[in-house]
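Asks: Dropping in start_13.cif, which is mmCIF, C-alpha atoms:
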data_entry
loop_
_atom_site.label_atom_id
_atom_site.label_comp_id
_atom_site.auth_asym_id
_atom_site.auth_seq_id
_atom_site.Cartn_x
_atom_site.Cartn_y
_atom_site.Cartn_z
CA MET A 22 13.30 -6.90 -12.70
CA ILE A 23 13.21 -6.83 -8.92
CA LYS A 24 16.18 -8.70 -7.46
CA ASN A 25 16.28 -7.26 -3.92
CA ILE A 26 13.33 -7.49 -1.53
CA MET A 27 13.07 -6.19 2.03
CA PHE A 28 10.17 -6.81 4.38
CA GLY A 29 9.29 -5.56 7.82
CA SER A 30 8.21 -7.98 10.51
CA ASP A 31 6.84 -6.98 13.89
CA GLY A 32 5.56 -10.39 14.96
CA SER A 33 1.95 -9.51 14.15
CA PRO A 34 -0.37 -11.52 11.85
CA TYR A 35 -0.13 -8.72 9.27
CA GLY A 36 3.65 -8.89 9.48
CA ASP A 37 3.51 -12.65 8.96
CA VAL A 38 1.45 -12.17 5.79
CA ALA A 39 3.95 -9.59 4.54
CA GLY A 40 6.64 -12.20 5.13
CA ASN A 41 4.71 -14.82 3.16
CA TYR A 42 4.46 -12.46 0.18
CA ALA A 43 8.13 -11.56 0.47
CA PHE A 44 9.21 -15.21 0.61
CA ASP A 45 6.98 -16.15 -2.32
CA LEU A 46 8.22 -13.29 -4.51
CA ALA A 47 11.86 -13.88 -3.57
CA ASP A 48 11.48 -17.51 -4.58
CA ARG A 49 9.72 -16.81 -7.88
CA LEU A 50 11.97 -13.86 -8.81
CA ASP A 51 15.18 -15.45 -7.52
CA ALA A 52 15.69 -12.30 -5.46
CA ARG A 53 17.80 -11.51 -2.42
CA LEU A 54 15.63 -11.29 0.71
CA GLU A 55 16.13 -9.26 3.88
CA ALA A 56 13.88 -9.30 6.93
CA VAL A 57 13.97 -6.25 9.19
CA HIS A 58 12.62 -5.87 12.71
CA VAL A 59 12.70 -2.40 14.25
CA VAL A 60 12.72 -1.96 18.02
CA ASP A 61 10.59 1.18 18.38
CA SER A 62 12.66 3.63 20.41
CA ARG A 63 9.53 5.56 21.35
CA ARG A 64 8.51 2.69 23.62
CA LEU A 65 11.70 3.20 25.61
CA GLU A 66 10.90 6.85 26.26
CA THR A 67 7.56 6.23 27.98
CA ALA A 68 7.62 7.25 31.64
CA LEU A 69 5.31 5.98 34.33
CA PRO A 70 2.05 7.93 34.83
CA ALA A 71 2.20 10.98 37.06
CA HIS A 72 1.12 10.60 40.69
CA ALA A 73 -2.49 11.50 41.31
CA ALA A 74 -1.36 14.37 43.53
CA GLY A 75 0.31 15.99 40.54
CA CYS A 76 3.96 15.00 41.00
CA LEU A 77 6.07 14.72 37.85
CA ALA A 78 6.23 11.26 36.31
CA TRP A 79 9.54 9.48 36.58
CA THR A 80 10.99 6.13 35.56
CA PRO A 81 12.77 4.12 38.26
CA PRO A 82 16.42 3.38 37.47
CA GLY A 83 16.88 0.26 35.36
CA ILE A 84 13.33 0.10 34.00
CA SER A 85 14.21 1.51 30.55
CA GLU A 86 17.20 -0.82 30.23
CA GLN A 87 15.09 -3.83 31.21
CA LEU A 88 12.45 -2.83 28.66
CA ARG A 89 15.10 -2.35 25.97
CA GLN A 90 16.49 -5.81 26.66
CA MET A 91 13.01 -7.34 26.54
CA LEU A 92 12.16 -5.64 23.23
CA GLU A 93 15.53 -6.56 21.75
CA ALA A 94 15.12 -10.20 22.82
CA ARG A 95 11.63 -10.27 21.30
CA GLY A 96 12.95 -8.83 18.04
CA ARG A 97 15.75 -11.36 17.84
CA SER A 98 13.28 -14.16 18.51
CA ILE A 99 11.06 -12.95 15.65
CA LEU A 100 14.04 -12.80 13.29
CA GLU A 101 15.24 -16.24 14.35
CA GLY A 102 11.82 -17.60 13.46
CA ILE A 103 12.02 -15.95 10.03
CA ALA A 104 15.50 -17.37 9.43
CA ALA A 105 14.20 -20.83 10.35
CA GLU A 106 11.29 -20.39 7.94
CA GLY A 107 13.71 -19.38 5.19
CA GLU A 108 15.82 -22.46 5.82
CA LYS A 109 12.70 -24.62 5.70
CA ARG A 110 11.71 -23.10 2.35
CA GLY A 111 15.24 -23.25 0.98
CA ILE A 112 15.32 -19.44 0.62
CA PRO A 113 18.32 -17.60 2.11
CA VAL A 114 17.25 -14.59 4.15
CA VAL A 115 19.33 -11.87 5.78
CA THR A 116 17.92 -10.74 9.13
CA THR A 117 18.50 -7.27 10.55
CA LEU A 118 17.60 -5.77 13.92
CA GLU A 119 17.32 -1.99 13.98
CA PHE A 120 16.51 0.59 16.67
CA GLY A 121 14.56 3.80 16.08
CA VAL A 122 11.21 5.06 14.84
CA PRO A 123 10.08 2.36 12.36
CA PRO A 124 8.97 4.51 9.38
CA LEU A 125 12.09 6.66 9.66
CA VAL A 126 14.33 3.60 9.87
CA PHE A 127 12.77 2.13 6.72
CA GLU A 128 13.18 5.48 5.00
CA GLN A 129 16.91 5.37 5.76
CA ILE A 130 17.58 1.73 4.85
CA GLN A 131 15.40 1.49 1.73
CA VAL A 132 18.44 2.44 -0.38
CA ARG A 133 19.70 -1.13 -0.19
CA THR A 134 16.63 -2.70 -1.77
CA GLU A 135 14.27 -2.39 -4.75
CA LEU A 136 11.02 -3.41 -3.10
CA VAL A 137 9.83 -2.86 0.47
CA VAL A 138 7.03 -5.16 1.65
CA LEU A 139 4.95 -4.05 4.63
CA GLY A 140 1.70 -5.21 6.17
CA ARG A 141 -1.20 -2.81 5.91
CA ARG A 142 -1.44 -2.82 9.69
CA GLY A 143 0.84 -3.99 12.47
CA GLU A 144 1.11 -5.25 16.00
CA HIS A 145 -1.39 -2.69 17.31
CA ALA A 146 -4.11 -3.55 14.78
CA SER A 147 -6.23 -5.16 17.51
CA PHE A 148 -6.77 -1.72 19.04
CA GLY A 149 -8.97 -0.86 16.06
CA GLY A 150 -9.02 2.06 13.65
CA ASP A 151 -7.71 2.14 10.09
CA TYR A 152 -4.18 2.05 8.80
CA SER A 153 -3.74 5.82 8.83
CA GLY A 154 -0.78 6.96 10.92
CA SER A 155 0.78 3.48 10.93
CA THR A 156 4.35 2.59 10.03
CA MET A 157 3.16 1.64 6.55
CA ASP A 158 1.32 4.90 5.92
CA ARG A 159 4.11 7.13 7.20
CA PHE A 160 6.81 5.26 5.30
CA VAL A 161 4.90 5.13 2.00
CA ARG A 162 4.63 8.92 2.01
CA ARG A 163 8.44 9.14 2.17
CA ALA A 164 9.36 6.12 0.08
CA SER A 165 11.65 6.35 -2.92
CA ARG A 166 11.44 2.61 -3.62
CA CYS A 167 8.51 0.52 -4.77
CA CYS A 168 6.27 -0.49 -1.86
CA LEU A 169 4.10 -3.58 -1.64
CA VAL A 170 1.38 -3.15 0.98
CA THR A 171 -0.08 -6.52 1.91
CA PRO A 172 -3.56 -7.45 3.25
CA ASP A 173 -4.54 -9.77 6.09
CA LYS A 174 -4.41 -13.00 4.04
CA PHE A 175 -1.84 -14.46 1.65
CA ALA A 176 -2.52 -15.70 -1.86
CA PRO A 177 0.11 -16.26 -4.58
CA VAL A 178 -0.01 -13.53 -7.23
CA ASP A 179 -1.33 -14.93 -10.52
CA LYS A 180 -3.02 -11.92 -12.18
CA ILE A 181 -2.13 -8.23 -11.94
CA LEU A 182 -4.16 -5.07 -12.49
CA VAL A 183 -2.36 -1.80 -13.16
CA ALA A 184 -4.11 1.58 -13.16
CA VAL A 185 -2.86 4.09 -15.75
CA ASP A 186 -3.69 7.74 -16.38
CA GLY A 187 -0.91 8.93 -18.66
CA SER A 188 1.19 10.39 -15.84
CA ILE A 189 4.90 9.69 -15.33
CA SER A 190 4.20 7.90 -12.04
CA ALA A 191 1.59 5.67 -13.68
CA SER A 192 3.98 4.93 -16.56
CA ARG A 193 6.56 3.71 -14.05
CA ALA A 194 3.92 1.59 -12.36
CA LEU A 195 3.06 0.11 -15.76
CA HIS A 196 6.71 -0.74 -16.37
CA GLU A 197 7.08 -2.43 -12.97
CA ALA A 198 3.78 -4.28 -13.38
CA ALA A 199 4.72 -5.54 -16.85
CA GLU A 200 8.13 -6.78 -15.67
CA LEU A 201 6.56 -8.45 -12.66
CA ALA A 202 3.84 -10.03 -14.80
CA ASN A 203 6.41 -11.47 -17.19
CA ALA A 204 8.61 -12.76 -14.36
CA LEU A 205 5.67 -14.37 -12.57
CA ARG A 206 4.06 -15.53 -15.82
CA ALA A 207 0.91 -13.73 -14.79
CA PRO A 208 -1.48 -11.93 -17.18
CA LEU A 209 -1.85 -8.17 -16.86
CA VAL A 210 -5.05 -6.13 -16.87
CA ILE A 211 -4.54 -2.46 -17.76
CA LEU A 212 -7.25 -0.15 -16.44
CA SER A 213 -7.81 3.49 -17.32
CA VAL A 214 -10.62 5.29 -15.50
CA ALA A 215 -12.44 8.43 -16.60
CA ASP A 216 -14.05 9.99 -13.57
CA ARG A 217 -16.29 12.00 -15.93
CA GLU A 218 -17.90 10.79 -19.14
CA PRO A 219 -16.34 13.61 -21.25
CA ASP A 220 -12.92 12.28 -20.21
CA MET A 221 -13.55 8.82 -21.68
CA PRO A 222 -11.66 9.48 -24.96
CA ASP A 223 -8.54 10.37 -22.96
CA ALA A 224 -8.97 7.22 -20.86
CA ARG A 225 -9.17 5.08 -24.00
CA VAL A 226 -6.00 6.66 -25.40
CA ALA A 227 -4.14 6.04 -22.11
CA ALA A 228 -5.27 2.40 -22.08
CA GLU A 229 -4.36 1.83 -25.73
CA ASN A 230 -0.93 3.42 -25.35
CA ALA A 231 -0.21 1.36 -22.25
CA HIS A 232 -1.31 -1.83 -23.99
CA SER A 233 0.99 -1.14 -26.96
CA LEU A 234 3.94 -0.59 -24.63
CA VAL A 235 3.57 -3.82 -22.69
CA ARG A 236 2.82 -5.92 -25.78
CA ALA A 237 6.18 -4.77 -27.16
CA HIS A 238 7.68 -6.59 -24.16
CA ASP A 239 5.68 -9.75 -24.93
CA CYS A 240 3.52 -9.27 -21.85
CA ALA A 241 0.16 -11.00 -21.95
CA ALA A 242 -2.21 -8.10 -21.36
CA VAL A 243 -5.68 -6.73 -21.95
CA ALA A 244 -6.72 -3.08 -21.71
CA VAL A 245 -10.06 -1.95 -20.31
CA THR A 246 -11.66 1.39 -19.51
CA ALA A 247 -14.28 2.45 -17.00
CA SER A 248 -15.99 5.62 -15.86
CA GLY A 249 -16.88 6.80 -12.39
CA ALA A 250 -15.07 7.13 -9.07
CA PRO A 251 -11.55 5.83 -9.80
CA ALA A 252 -11.00 4.05 -6.46
CA LEU A 253 -14.28 2.15 -6.74
CA ARG A 254 -13.69 1.23 -10.39
CA ILE A 255 -10.20 -0.05 -9.58
CA LEU A 256 -11.49 -2.30 -6.80
CA GLU A 257 -14.51 -3.47 -8.82
CA THR A 258 -12.45 -4.25 -11.91
CA ALA A 259 -9.88 -6.16 -9.89
CA ALA A 260 -12.62 -8.28 -8.36
CA ALA A 261 -14.43 -8.82 -11.67
CA THR A 262 -11.26 -9.88 -13.52
CA GLY A 263 -9.80 -11.99 -10.72
CA CYS A 264 -6.71 -9.86 -10.22
CA ASN A 265 -4.96 -10.45 -6.91
CA LEU A 266 -2.36 -7.68 -7.07
CA LEU A 267 -3.03 -4.00 -7.81
CA ALA A 268 -0.30 -1.67 -9.12
CA MET A 269 -0.51 2.11 -9.32
CA GLY A 270 1.63 5.21 -9.28
CA MET A 271 2.01 7.09 -6.03
CA HIS A 272 0.73 10.23 -7.67
CA GLY A 273 -0.60 11.21 -11.07
CA HIS A 274 -2.79 13.62 -12.98
CA GLY A 275 -5.46 15.75 -11.35
CA ARG A 276 -8.35 13.86 -9.91
CA ILE A 277 -6.70 10.46 -10.26
CA TYR A 278 -4.08 11.06 -7.56
CA ASP A 279 -4.56 14.42 -5.91
CA ARG A 280 -1.73 14.24 -3.36
CA LEU A 281 1.44 12.28 -2.68
CA ILE A 282 -0.80 9.51 -1.47
CA GLY A 283 -4.12 10.89 -2.64
CA SER A 284 -7.68 10.03 -1.79
CA VAL A 285 -7.86 7.35 -4.52
CA ALA A 286 -4.73 5.51 -3.39
CA ALA A 287 -5.72 5.87 0.25
CA HIS A 288 -9.14 4.37 -0.45
CA VAL A 289 -7.65 1.49 -2.43
CA LEU A 290 -5.09 0.77 0.30
CA ALA A 291 -7.75 0.80 2.98
CA HIS A 292 -10.25 -1.43 1.17
CA ALA A 293 -8.33 -3.76 -1.13
CA ASP A 294 -8.26 -7.40 -0.10
CA THR A 295 -5.20 -7.91 -2.31
CA PRO A 296 -1.65 -6.51 -2.07
CA VAL A 297 -1.14 -3.05 -3.58
CA LEU A 298 2.11 -2.15 -5.34
CA LEU A 299 2.85 1.60 -5.15
CA VAL A 300 5.43 3.04 -7.52
CA ARG A 301 6.86 6.57 -7.37
#
Output the structure of this file as C-alpha cells.
Replies:
Amino acid sequence: MIKNIMFGSDGSPYGDVAGNYAFDLADRLDARLEAVHVVDSRRLETALPAHAAGCLAWTPPGISEQLRQMLEARGRSILEGIAAEGEKRGIPVVTTLEFGVPPLVFEQIQVRTELVVLGRRGEHASFGGDYSGSTMDRFVRRASRCCLVTPDKFAPVDKILVAVDGSISASRALHEAAELANALRAPLVILSVADREPDMPDARVAAENAHSLVRAHDCAAVAVTASGAPALRILETAAATGCNLLAMGMHGHGRIYDRLIGSVAAHVLAHADTPVLLVR
C-alpha cells in the first residue's frame, strides 16, 4: 500500500487541486506527505529582447539575481501556505524547494516516494492549449513511480475504474488499484476493452482473470467488457458507473497502449474529468 506521497505545487489552481488530492490520500492512507516547488531555472536564463537595430540581447547586471530572489521568495511563500494547510488539517507535510527544470527535477527525486501527484496543467494553463509538453507530460514519460494526474476540480475518491488488457503494465495497475480500493474502502470496476469484435473473447478472459485476482484479496469488484475505441469506452464506462478515479498501465499490448504514453492514455489524460493513476 502507498505510504509515501509527493506532490508538485506551482501556485496555480491545478496545483492546488493536486494538493487537495495529495492531502486527502495522505490522510486516508496514513501516508507521509511531501510538497515540492521547483523554481524553473529556464526562467533565469531569459535575456532581454534584442534591440530593433539588431544588437545582441543582453541582461543588465543584477537582473538575473533579482529574478532568482523573487522566484525563490514566491516558492517559499507557496510552501509556507501548504505547511499551514497541513497544520490546519492535522496532516504533517514536508516542504521542499528545488531549482532546475521541473520535469527533470521530479525525475531525479521520485526515488524517495511511491506516488507522485501532479496537476494536469500548471501555472501557464491560462495561455491555452492542451497539456502536451507540460511538466506533467514530460515527467510521466520518464516516471518510474506511480503518477496521479489530477483534473481541475477535487472530489474524494470513492469508486475506482481500472483498465486491463492482460499486459504486465496493466497487471501492475490492477494490483495498485485493488490495494488502493481496499485502503479507501472503495469498490473497483474492472474494464477490458476489445477494439474489434473478434477480440471480445480475449477481453472477457482478461476481465475474468483480473476479477479472480482481486477477489482473492477481498476487494469489492465487478468486471465488465466493452468493444470499440478503448479511450472512449474507458471514459464512457467511468461516467456510467460513477467512478471518480481511473487507473491504467503506462503501456500495454498492441492497440491498447501503442507507445510509452500511447494515444489511448493521452486521450484519457486530456479528457478525463477525474484523476488518472498511471502505473509502469
Asks: Could you list, as a PyMOL selection string, every residue matched by the PyMOL selection byres ((chain A and resi 179-189) around 6) in this structure?
Replies: chain A and resi 178+190-192+207-213+227+264-269+273-274
Asks: Return the single residue from A:Ala56, A:Val285, A:Ala291, A:Ala241 that is closest to A:Val115, with distances computed using only C-alpha atoms.
Replies: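 Looking only at the distances to A:Val115, the closest residue turns out to be A:Ala56.
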Asks: One decimal, Å: what's the distance from atom CA of A:Ala43 over to atom CA of A:Ala202, could you say?
Replies: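 Taking atom CA of A:Ala43 and atom CA of A:Ala202, their separation equals 15.9 Å.
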Asks: One number please: atom CA of A:Leu65 to atom CA of A:Gly102, in Å, one decimal.
Replies: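 Separation of atom CA of A:Leu65 and atom CA of A:Gly102: 24.1 Å.
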Asks: Measure the distance from atom CA of A:Ile255 to atom CA of A:Ala293 in Å and round it to one decimal.
Replies: 9.4 Å
Asks: Restore N, CA and C atoms in stretch 88-105 of chain A and list the result as a PDB file, in the coordinates of the input.
Replies:
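Written output follows (part_34.pdb):
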ATOM      1  N   LEU A  88      13.404  -2.838  29.777  1.00  0.00           N
ATOM      2  CA  LEU A  88      12.450  -2.830  28.660  1.00  0.00           C
ATOM      3  C   LEU A  88      13.197  -2.966  27.335  1.00  0.00           C
ATOM      4  N   ARG A  89      14.318  -2.255  27.204  1.00  0.00           N
ATOM      5  CA  ARG A  89      15.100  -2.350  25.970  1.00  0.00           C
ATOM      6  C   ARG A  89      15.557  -3.786  25.731  1.00  0.00           C
ATOM      7  N   GLN A  90      16.019  -4.445  26.790  1.00  0.00           N
ATOM      8  CA  GLN A  90      16.490  -5.810  26.660  1.00  0.00           C
ATOM      9  C   GLN A  90      15.350  -6.753  26.274  1.00  0.00           C
ATOM     10  N   MET A  91      14.175  -6.521  26.872  1.00  0.00           N
ATOM     11  CA  MET A  91      13.010  -7.340  26.540  1.00  0.00           C
ATOM     12  C   MET A  91      12.607  -7.173  25.085  1.00  0.00           C
ATOM     13  N   LEU A  92      12.558  -5.904  24.611  1.00  0.00           N
ATOM     14  CA  LEU A  92      12.160  -5.640  23.230  1.00  0.00           C
ATOM     15  C   LEU A  92      13.202  -6.171  22.248  1.00  0.00           C
ATOM     16  N   GLU A  93      14.470  -6.040  22.617  1.00  0.00           N
ATOM     17  CA  GLU A  93      15.530  -6.560  21.750  1.00  0.00           C
ATOM     18  C   GLU A  93      15.438  -8.083  21.669  1.00  0.00           C
ATOM     19  N   ALA A  94      15.218  -8.742  22.800  1.00  0.00           N
ATOM     20  CA  ALA A  94      15.120 -10.200  22.820  1.00  0.00           C
ATOM     21  C   ALA A  94      13.926 -10.670  21.986  1.00  0.00           C
ATOM     22  N   ARG A  95      12.817  -9.929  22.090  1.00  0.00           N
ATOM     23  CA  ARG A  95      11.630 -10.270  21.300  1.00  0.00           C
ATOM     24  C   ARG A  95      11.930 -10.132  19.811  1.00  0.00           C
ATOM     25  N   GLY A  96      12.604  -9.044  19.439  1.00  0.00           N
ATOM     26  CA  GLY A  96      12.950  -8.830  18.040  1.00  0.00           C
ATOM     27  C   GLY A  96      13.848  -9.923  17.498  1.00  0.00           C
ATOM     28  N   ARG A  97      14.838 -10.317  18.292  1.00  0.00           N
ATOM     29  CA  ARG A  97      15.750 -11.360  17.840  1.00  0.00           C
ATOM     30  C   ARG A  97      15.013 -12.702  17.708  1.00  0.00           C
ATOM     31  N   SER A  98      14.069 -12.933  18.592  1.00  0.00           N
ATOM     32  CA  SER A  98      13.280 -14.160  18.510  1.00  0.00           C
ATOM     33  C   SER A  98      12.446 -14.185  17.230  1.00  0.00           C
ATOM     34  N   ILE A  99      11.840 -13.045  16.885  1.00  0.00           N
ATOM     35  CA  ILE A  99      11.060 -12.950  15.650  1.00  0.00           C
ATOM     36  C   ILE A  99      11.946 -13.226  14.438  1.00  0.00           C
ATOM     37  N   LEU A 100      13.131 -12.632  14.422  1.00  0.00           N
ATOM     38  CA  LEU A 100      14.040 -12.800  13.290  1.00  0.00           C
ATOM     39  C   LEU A 100      14.577 -14.229  13.206  1.00  0.00           C
ATOM     40  N   GLU A 101      14.797 -14.847  14.348  1.00  0.00           N
ATOM     41  CA  GLU A 101      15.240 -16.240  14.350  1.00  0.00           C
ATOM     42  C   GLU A 101      14.177 -17.149  13.739  1.00  0.00           C
ATOM     43  N   GLY A 102      12.913 -16.830  14.040  1.00  0.00           N
ATOM     44  CA  GLY A 102      11.820 -17.600  13.460  1.00  0.00           C
ATOM     45  C   GLY A 102      11.757 -17.426  11.949  1.00  0.00           C
ATOM     46  N   ILE A 103      12.017 -16.212  11.476  1.00  0.00           N
ATOM     47  CA  ILE A 103      12.020 -15.950  10.030  1.00  0.00           C
ATOM     48  C   ILE A 103      13.169 -16.680   9.357  1.00  0.00           C
ATOM     49  N   ALA A 104      14.348 -16.656   9.988  1.00  0.00           N
ATOM     50  CA  ALA A 104      15.500 -17.370   9.430  1.00  0.00           C
ATOM     51  C   ALA A 104      15.215 -18.865   9.336  1.00  0.00           C
ATOM     52  N   ALA A 105      14.553 -19.406  10.366  1.00  0.00           N
ATOM     53  CA  ALA A 105      14.200 -20.830  10.350  1.00  0.00           C
ATOM     54  C   ALA A 105      13.211 -21.129   9.232  1.00  0.00           C
TER      55      ALA A 105
END
